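Structure file protein_31.tsv (TSV, C-alpha atoms) is printed below.
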chain	number	residue	atom	x	y	z
L	1	MET	CA	90.08	111.65	105.05
L	2	HIS	CA	93.14	113.84	104.70
L	3	GLU	CA	95.49	112.82	101.91
L	4	GLU	CA	98.36	112.07	104.28
L	5	ARG	CA	96.27	109.43	106.06
L	6	ARG	CA	94.71	107.82	103.02
L	7	GLY	CA	97.06	104.86	103.13
L	8	ILE	CA	96.50	104.22	106.84
L	9	LEU	CA	94.09	101.31	106.78
L	10	TYR	CA	92.90	101.47	110.39
L	11	PRO	CA	93.00	105.15	111.46
L	12	GLY	CA	91.47	104.37	114.85
L	13	ARG	CA	94.70	102.59	115.84
L	14	LEU	CA	96.97	105.58	115.18
L	15	PRO	CA	99.33	106.87	117.85
L	16	GLU	CA	100.04	110.59	118.07
L	17	PHE	CA	100.80	111.59	114.49
L	18	HIS	CA	101.96	114.86	112.94
L	19	ARG	CA	102.46	115.91	109.35
L	20	ILE	CA	104.57	118.97	108.61
L	21	PRO	CA	104.59	120.45	105.08
L	22	ALA	CA	107.94	120.92	103.39
L	23	PRO	CA	109.07	124.56	103.26
L	24	PRO	CA	108.99	126.16	99.78
L	25	GLY	CA	112.74	125.79	99.32
L	26	LEU	CA	112.47	122.03	99.83
L	27	ALA	CA	109.23	121.33	97.97
L	28	HIS	CA	111.15	119.90	95.01
L	29	ALA	CA	112.60	117.16	97.24
L	30	VAL	CA	110.09	116.45	100.03
L	31	ARG	CA	106.34	116.17	99.89
L	32	TRP	CA	105.95	116.34	103.66
L	33	PHE	CA	107.57	115.29	106.91
L	34	TRP	CA	105.77	112.86	109.19
L	35	ILE	CA	106.28	112.21	112.89
L	36	PRO	CA	104.56	109.49	114.94
L	37	VAL	CA	105.11	109.47	118.69
L	38	TRP	CA	103.91	106.77	121.05
L	39	ASP	CA	104.04	105.97	124.76
L	40	LEU	CA	102.17	102.76	125.52
L	41	PRO	CA	101.66	101.12	128.91
L	42	ASP	CA	103.52	97.88	129.64
L	43	GLY	CA	101.87	94.96	127.89
L	44	GLU	CA	100.00	97.13	125.38
L	45	GLU	CA	100.73	97.27	121.66
L	46	SER	CA	99.49	99.27	118.68
L	47	ARG	CA	99.34	97.39	115.39
L	48	GLN	CA	99.82	99.78	112.45
L	49	THR	CA	98.82	98.56	108.98
L	50	VAL	CA	99.63	100.84	106.06
L	51	LEU	CA	99.04	100.78	102.31
L	52	PRO	CA	101.25	103.72	101.39
L	53	PHE	CA	101.59	105.35	98.00
L	54	PRO	CA	104.71	103.77	96.49
L	55	ALA	CA	107.18	106.55	97.16
L	56	CYS	CA	110.52	106.42	98.94
L	57	ASN	CA	111.06	107.73	102.46
L	58	LEU	CA	114.01	108.80	104.56
L	59	VAL	CA	113.43	107.87	108.21
L	60	VAL	CA	115.30	108.72	111.40
L	61	GLU	CA	114.50	106.66	114.51
L	62	PRO	CA	116.25	106.15	117.84
L	63	GLY	CA	118.06	103.14	116.38
L	64	GLY	CA	119.39	104.80	113.24
L	65	ILE	CA	118.62	106.20	109.78
L	66	THR	CA	117.12	104.25	106.90
L	67	ALA	CA	116.32	104.88	103.26
L	68	VAL	CA	113.03	103.09	102.69
L	69	GLY	CA	112.27	101.91	99.17
L	70	PRO	CA	108.93	101.88	97.38
L	71	PRO	CA	106.37	99.46	98.87
L	72	THR	CA	104.44	97.04	96.68
L	73	ARG	CA	102.08	95.75	99.37
L	74	CYS	CA	100.69	96.48	102.82
L	75	SER	CA	103.17	96.81	105.61
L	76	GLU	CA	102.60	96.26	109.30
L	77	ARG	CA	104.45	97.38	112.38
L	78	ILE	CA	103.65	96.65	116.00
L	79	LEU	CA	104.45	99.56	118.33
L	80	VAL	CA	105.31	98.90	121.98
L	81	GLY	CA	106.75	100.99	124.79
L	82	ARG	CA	107.91	104.50	123.94
L	83	GLY	CA	109.26	105.70	120.63
L	84	TRP	CA	109.22	108.15	117.76
L	85	ALA	CA	110.21	108.47	114.14
L	86	VAL	CA	110.92	111.46	111.92
L	87	GLY	CA	110.32	110.71	108.27
L	88	ALA	CA	110.48	112.57	104.98
L	89	LEU	CA	108.23	111.45	102.13
L	90	LEU	CA	110.52	112.05	99.19
L	91	ARG	CA	109.55	113.62	95.89
L	92	PRO	CA	110.90	111.73	92.86
L	93	ALA	CA	113.60	114.36	92.22
L	94	ALA	CA	115.20	113.45	95.55
L	95	VAL	CA	115.40	109.73	94.84
L	96	PRO	CA	118.49	109.38	92.58
L	97	PRO	CA	120.70	111.53	94.85
L	98	LEU	CA	119.59	109.68	98.01
L	99	ILE	CA	118.47	106.23	96.76
L	100	PRO	CA	120.28	105.59	93.46
L	101	CYS	CA	118.55	102.25	92.71
L	102	PRO	CA	115.03	102.44	94.19
L	103	ALA	CA	113.89	99.24	92.44
L	104	GLU	CA	116.46	97.31	94.49
L	105	LEU	CA	114.82	98.55	97.70
L	106	ARG	CA	111.26	97.51	96.93
L	107	ASP	CA	109.59	96.50	100.21
L	108	THR	CA	112.85	96.91	102.12
L	109	ALA	CA	115.24	99.54	103.47
L	110	ALA	CA	118.94	100.34	103.63
L	111	SER	CA	120.83	101.87	106.53
L	112	ILE	CA	122.42	105.29	106.20
L	113	ASP	CA	125.45	105.99	108.36
L	114	ASP	CA	125.45	109.67	109.31
L	115	ARG	CA	126.11	110.18	112.99
L	116	ALA	CA	125.81	113.96	112.83
L	117	LEU	CA	122.33	113.82	111.30
L	118	HIS	CA	121.17	111.17	113.75
L	119	ALA	CA	122.53	113.11	116.71
L	120	ALA	CA	120.78	116.29	115.57
L	121	VAL	CA	117.37	114.66	115.05
L	122	ALA	CA	117.52	112.42	118.13
L	123	GLY	CA	118.77	115.29	120.27
L	124	ALA	CA	115.82	117.41	119.21
L	125	MET	CA	113.21	114.69	119.74
L	126	ASP	CA	114.63	113.65	123.13
L	127	ASP	CA	115.18	117.18	124.47
L	128	PRO	CA	113.26	117.34	127.78
L	129	SER	CA	113.68	121.12	128.05
L	130	ALA	CA	111.71	121.93	124.89
L	131	PRO	CA	107.95	121.66	124.33
L	132	SER	CA	106.83	118.99	121.87
L	133	PRO	CA	106.15	121.36	118.93
L	134	ALA	CA	109.61	122.88	119.25
L	135	ARG	CA	111.19	119.44	119.30
L	136	ARG	CA	109.39	118.44	116.13
L	137	GLU	CA	110.33	121.68	114.38
L	138	SER	CA	114.00	121.29	115.29
L	139	ALA	CA	114.06	117.66	114.16
L	140	VAL	CA	112.44	118.51	110.84
L	141	ALA	CA	114.79	121.45	110.32
L	142	ALA	CA	117.81	119.17	110.81
L	143	LEU	CA	116.52	116.49	108.45
L	144	GLY	CA	115.38	119.06	105.88
L	145	ALA	CA	118.76	120.81	105.84
L	146	TRP	CA	120.51	117.47	105.31
L	147	ILE	CA	118.26	116.63	102.34
L	148	GLN	CA	118.50	120.10	100.83
L	149	SER	CA	122.31	119.96	100.86
L	150	ARG	CA	122.17	116.79	98.74
L	151	VAL	CA	119.24	117.37	96.38
L	152	PRO	CA	119.52	120.34	94.02
L	153	SER	CA	116.39	122.01	92.70
L	154	PRO	CA	115.73	120.50	89.25
L	155	GLU	CA	115.99	122.63	86.13
L	156	ASP	CA	112.88	123.10	84.00
L	157	GLY	CA	112.57	120.29	81.49
L	158	SER	CA	115.04	118.03	83.28
L	159	ASP	CA	114.26	114.40	83.99
L	160	ALA	CA	113.92	115.24	87.69
L	161	ALA	CA	111.36	117.95	86.97
L	162	LEU	CA	109.44	115.59	84.67
L	163	ALA	CA	109.46	112.91	87.35
L	164	ASN	CA	107.96	115.34	89.86
L	165	ARG	CA	105.32	116.18	87.27
L	166	LEU	CA	104.53	112.49	86.89
L	167	ALA	CA	104.04	112.21	90.65
L	168	ASP	CA	101.55	115.09	90.57
L	169	LEU	CA	99.63	113.47	87.72
L	170	LEU	CA	99.61	110.08	89.43
L	171	ALA	CA	97.66	111.66	92.30
L	172	ASP	CA	94.86	112.68	89.89
L	173	PRO	CA	91.93	110.26	90.34
L	174	THR	CA	90.91	110.72	86.70
L	175	VAL	CA	94.17	109.11	85.52
L	176	LEU	CA	93.26	105.43	85.23
L	177	ARG	CA	95.68	104.19	82.55
L	178	VAL	CA	99.35	104.59	81.70
L	179	ASP	CA	98.58	106.05	78.27
L	180	GLN	CA	96.52	108.80	79.94
L	181	LEU	CA	99.41	109.54	82.28
L	182	ALA	CA	101.91	109.75	79.43
L	183	GLU	CA	99.64	111.95	77.34
L	184	ARG	CA	99.11	114.47	80.13
L	185	ALA	CA	102.85	114.58	80.82
L	186	HIS	CA	103.52	115.05	77.07
L	187	LEU	CA	105.66	111.92	77.01
L	188	SER	CA	105.61	108.63	75.19
L	189	VAL	CA	104.49	105.63	77.22
L	190	ARG	CA	108.00	104.23	77.05
L	191	SER	CA	109.53	107.50	78.31
L	192	ALA	CA	107.09	107.55	81.23
L	193	GLN	CA	108.03	103.97	82.06
L	194	ARG	CA	111.76	104.75	82.00
L	195	LEU	CA	111.32	107.78	84.27
L	196	ALA	CA	109.20	105.77	86.69
L	197	GLU	CA	111.79	103.00	86.94
L	198	ARG	CA	114.58	105.48	87.68
L	199	PHE	CA	112.77	107.90	90.01
L	200	PHE	CA	110.10	105.68	91.63
L	201	GLY	CA	111.43	102.15	91.34
L	202	LEU	CA	108.05	100.92	90.11
L	203	SER	CA	106.05	100.91	86.90
L	204	PRO	CA	103.41	103.58	86.22
L	205	HIS	CA	100.79	100.82	86.09
L	206	ALA	CA	101.69	99.66	89.61
L	207	MET	CA	101.41	103.20	90.96
L	208	ILE	CA	98.04	103.85	89.32
L	209	ARG	CA	96.81	100.55	90.72
L	210	ARG	CA	98.02	101.50	94.21
L	211	ARG	CA	96.26	104.86	94.15
L	212	ARG	CA	93.02	103.18	93.07
L	213	LEU	CA	93.26	100.71	95.96
L	214	GLN	CA	93.97	103.51	98.43
L	215	GLU	CA	90.87	105.32	97.20
L	216	ALA	CA	88.86	102.11	97.41
L	217	ALA	CA	89.91	101.50	101.02
L	218	GLU	CA	89.06	105.07	101.96
L	219	ARG	CA	85.61	104.85	100.39
L	220	LEU	CA	84.89	101.50	102.00
L	221	ARG	CA	85.72	102.96	105.42
L	222	GLU	CA	83.97	106.27	105.07
L	223	ASP	CA	80.96	105.74	102.79
L	224	PRO	CA	78.58	102.95	103.84
L	225	ARG	CA	76.35	103.70	100.82
L	226	ALA	CA	79.05	102.88	98.26
L	227	THR	CA	78.47	99.42	96.82
L	228	ILE	CA	81.48	97.35	95.88
L	229	ALA	CA	80.27	96.92	92.29
L	230	ALA	CA	79.77	100.68	91.85
L	231	LEU	CA	83.14	101.40	93.44
L	232	ALA	CA	84.87	98.96	91.09
L	233	ALA	CA	83.34	100.68	88.07
L	234	GLU	CA	84.17	104.15	89.37
L	235	LEU	CA	87.83	103.24	89.83
L	236	GLY	CA	88.16	101.85	86.33
L	237	TYR	CA	88.01	98.11	87.01
L	238	SER	CA	86.46	95.98	84.28
L	239	ASP	CA	84.22	94.13	86.73
L	240	HIS	CA	83.48	93.45	90.39
L	241	PRO	CA	85.46	90.14	90.62
L	242	HIS	CA	88.59	91.76	89.14
L	243	PHE	CA	88.43	94.53	91.74
L	244	THR	CA	87.90	92.05	94.59
L	245	THR	CA	90.83	89.90	93.44
L	246	ASP	CA	93.11	92.94	93.16
L	247	PHE	CA	92.03	94.29	96.54
L	248	LYS	CA	92.58	90.98	98.35
L	249	ALA	CA	95.95	90.38	96.67
L	250	VAL	CA	97.33	93.64	98.07
L	251	LEU	CA	95.42	94.15	101.33
L	252	GLY	CA	95.01	90.51	102.30
L	253	VAL	CA	91.23	90.68	102.81
L	254	THR	CA	88.23	91.11	100.54
L	255	PRO	CA	86.57	94.54	100.26
L	256	SER	CA	83.60	93.33	102.32
L	257	ALA	CA	85.82	91.99	105.09
L	258	TYR	CA	87.90	95.16	105.14
L	259	ARG	CA	84.79	97.33	105.41
L	260	ALA	CA	83.63	95.32	108.42
L	261	LEU	CA	87.03	95.68	110.13
L	262	ALA	CA	87.78	99.32	109.35
L	263	SER	CA	84.47	101.18	109.37
L	264	PRO	CA	84.01	103.76	112.18
L	265	GLY	CA	82.64	102.07	115.26
L	266	SER	CA	84.04	98.65	114.43
L	267	ALA	CA	86.10	96.85	117.02
L	268	GLY	CA	88.99	96.25	114.55
Let's see the structure in the file written out as structure tokens.
Amino acid sequence: MHEERRGILYPGRLPEFHRIPAPPGLAHAVRWFWIPVWDLPDGEESRQTVLPFPACNLVVEPGGITAVGPPTRCSERILVGRGWAVGALLRPAAVPPLIPCPAELRDTAASIDDRALHAAVAGAMDDPSAPSPARRESAVAALGAWIQSRVPSPEDGSDAALANRLADLLADPTVLRVDQLAERAHLSVRSAQRLAERFFGLSPHAMIRRRRLQEAAERLREDPRATIAALAAELGYSDHPHFTTDFKAVLGVTPSAYRALASPGSAG
């Protein structure tokens, strides 16, 4: 499973989906751009359930622009008709300039009023004279230029640079505890917690927990030989019941039920 789809709980339900890497000059601010496109027959719907890594996103859709805060649980959206979205998965350094209080946007979003940006992205995505790849490239270029004009590249040793370093370390599957994270970042635990609150809007513990659950869901889908008890131990849980409780609290189903719904070939 590619990293960008790890948090997608039912990949078989995906519409057309594209991920575009951030150009080098924007890598400090954007991890990647993502573009879903759908065109469903009348009466059909596509139910998208996502357990994303708790980062912030900037999203342009036909109806407007939103700054999306860090998620703490699964989210679901039902797609109907025709539509698209152009999103930017933000690096932590981009959060204070674009979303000054990310903790206030947990599991929600705020509108951004910028008619010029919306016109540029919507005009590109809705341009009937251009082939689809060219539309996507133009839309991403417009959104990327807007972000780059507002998010300076962080200086070495700055809080923004340290926050980006924390994000890289949080993706490491061998980091299972906050003290490990702080040690590898050469920070105190308290300093790591303060940076996380400001640049992520969540605690380091919550983000480590989320990554473990993403990995668990991926393994349950893709590896029928992985037992739940062995998976719990591998991901650093103290026991099988603790893992099951954690999994159900966030995903809404037990690991066994999720495996039955999401495994390749299932009807879910």
task = Could you check how far CA of Asn164 in chain L sits from CA of Pro97 in chain L, in Å to one decimal?
result =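 Separation between CA of Asn164 in chain L and CA of Pro97 in chain L: 14.2 Å.
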Tell me which protein, DNA and RNA residues are within 8 Å of range 205-219 of chain L, counting all atoms listed in the file, leaving out same-chain ones fewer than 5 positions away, and put them as a short mmCIF file (atom, residue, chain, number, x, y, z; two decimals) with C-alpha atoms, in the frame of the given file.
data_model
loop_
_atom_site.label_atom_id
_atom_site.label_comp_id
_atom_site.auth_asym_id
_atom_site.auth_seq_id
_atom_site.Cartn_x
_atom_site.Cartn_y
_atom_site.Cartn_z
CA MET L 1 90.08 111.65 105.05
CA ARG L 6 94.71 107.82 103.02
CA GLY L 7 97.06 104.86 103.13
CA LEU L 9 94.09 101.31 106.78
CA LEU L 51 99.04 100.78 102.31
CA PRO L 52 101.25 103.72 101.39
CA PHE L 53 101.59 105.35 98.00
CA PRO L 54 104.71 103.77 96.49
CA LEU L 170 99.61 110.08 89.43
CA ALA L 171 97.66 111.66 92.30
CA PRO L 173 91.93 110.26 90.34
CA VAL L 175 94.17 109.11 85.52
CA LEU L 176 93.26 105.43 85.23
CA ARG L 177 95.68 104.19 82.55
CA VAL L 178 99.35 104.59 81.70
CA ALA L 226 79.05 102.88 98.26
CA LEU L 231 83.14 101.40 93.44
CA LEU L 235 87.83 103.24 89.83
CA PHE L 247 92.03 94.29 96.54
CA PRO L 255 86.57 94.54 100.26
CA TYR L 258 87.90 95.16 105.14
CA ARG L 259 84.79 97.33 105.41
#
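Taking CA of Gln180 in chain L and CA of Glu197 in chain L as endpoints, the distance between them is 17.8 Å.
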task = Quote the spacing between CA of Arg73 in chain L and CA of Val250 in chain L in Å to one decimal place.
result = 5.4 Å
query = Nearest to Ile99 in chain L: which of L:Tyr237, L:Trp84, L:Phe200, L:Phe243 is it, counting all atoms listed in the file?
reply =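 Among the listed residues, L:Phe200 lies closest to Ile99 in chain L.
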task = Using all atoms listed in the file, determine which residues lie at most 12 Å from range 111-118 of chain L, disregarding the query and same-chain residues fewer than 2 positions distant; provide the list as a ChimeraX atom specification.
result = /L:58-69,85-86,98-99,105,108-109,120-126,138-147
Would you write out those residues with C-alpha atoms, as a CSV table (one decimal), in the frame of the given file?
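Final output, again34.csv:
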chain,number,residue,atom,x,y,z
L,58,LEU,CA,114.0,108.8,104.6
L,59,VAL,CA,113.4,107.9,108.2
L,60,VAL,CA,115.3,108.7,111.4
L,61,GLU,CA,114.5,106.7,114.5
L,62,PRO,CA,116.2,106.2,117.8
L,63,GLY,CA,118.1,103.1,116.4
L,64,GLY,CA,119.4,104.8,113.2
L,65,ILE,CA,118.6,106.2,109.8
L,66,THR,CA,117.1,104.2,106.9
L,67,ALA,CA,116.3,104.9,103.3
L,68,VAL,CA,113.0,103.1,102.7
L,69,GLY,CA,112.3,101.9,99.2
L,85,ALA,CA,110.2,108.5,114.1
L,86,VAL,CA,110.9,111.5,111.9
L,98,LEU,CA,119.6,109.7,98.0
L,99,ILE,CA,118.5,106.2,96.8
L,105,LEU,CA,114.8,98.6,97.7
L,108,THR,CA,112.8,96.9,102.1
L,109,ALA,CA,115.2,99.5,103.5
L,120,ALA,CA,120.8,116.3,115.6
L,121,VAL,CA,117.4,114.7,115.0
L,122,ALA,CA,117.5,112.4,118.1
L,123,GLY,CA,118.8,115.3,120.3
L,124,ALA,CA,115.8,117.4,119.2
L,125,MET,CA,113.2,114.7,119.7
L,126,ASP,CA,114.6,113.6,123.1
L,138,SER,CA,114.0,121.3,115.3
L,139,ALA,CA,114.1,117.7,114.2
L,140,VAL,CA,112.4,118.5,110.8
L,141,ALA,CA,114.8,121.4,110.3
L,142,ALA,CA,117.8,119.2,110.8
L,143,LEU,CA,116.5,116.5,108.4
L,144,GLY,CA,115.4,119.1,105.9
L,145,ALA,CA,118.8,120.8,105.8
L,146,TRP,CA,120.5,117.5,105.3
L,147,ILE,CA,118.3,116.6,102.3
ask   = Which one of L:Arg225, L:His186, L:Arg82, L:Arg198 sits closest to Ala160 in chain L if you count only C-alpha atoms?
value = L:Arg198
request  = Choose the residue, out of L:Leu79, L:Ala233, L:Ala167, L:Ala182, that has the smallest atom-to-atom separation from Glu45 in chain L; count all atoms listed in the file.
outcome  = L:Leu79
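Residue nearest Ala161 in chain L, chosen from L:Leu195, L:Arg190, L:His18, L:Glu137 and counting only C-alpha atoms: L:Leu195.
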ask   = Smallest atom-to-atom distance to Gly201 in chain L: which of L:Asp127, L:Asp42, L:Glu104, L:Asp179, using only C-alpha atoms?
value = L:Glu104
ask   = Between L:Pro24, L:Gly236, L:Pro36, L:Pro224, which has the minimum distance to Gly87 in chain L (counting only C-alpha atoms)?
value =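 Closest candidate: L:Pro36.
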task = Compute the distance from (104.5, 110.1, 126.8) to each atom, counting only C-alpha atoms, keep the residues with any atom at most 12 Å away, and return them as a PyMOL selection string; use the coordinates of the file.
result = chain L and resi 15-16+36-41+81-84+126+128+132
key: Within 7 Å of Ala88 in chain L using all atoms listed in the file, minus same-chain residues under 3 positions, as a ChimeraX atom specification   = /L:30,32-34,57-59
What does the file look like for those residues with C-alpha atoms, as a compact mmCIF listing (two decimals), in the coordinates of the input?
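Writing the result to selection36.txt gives the following:
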# COMPACT_ATOMS: atom_id res chain seq x y z
CA VAL L 30 110.09 116.45 100.03
CA TRP L 32 105.95 116.34 103.66
CA PHE L 33 107.57 115.29 106.91
CA TRP L 34 105.77 112.86 109.19
CA ASN L 57 111.06 107.73 102.46
CA LEU L 58 114.01 108.80 104.56
CA VAL L 59 113.43 107.87 108.21
Spatial neighbours of Ile78 in chain L, max dist 7 Å, only C-alpha atoms, sep filter under 2 positions, as a list in words =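 Close residues of Ile78 in chain L: Glu45, Ser46, Arg47, Gln48, Glu76 and Val80 of chain L.
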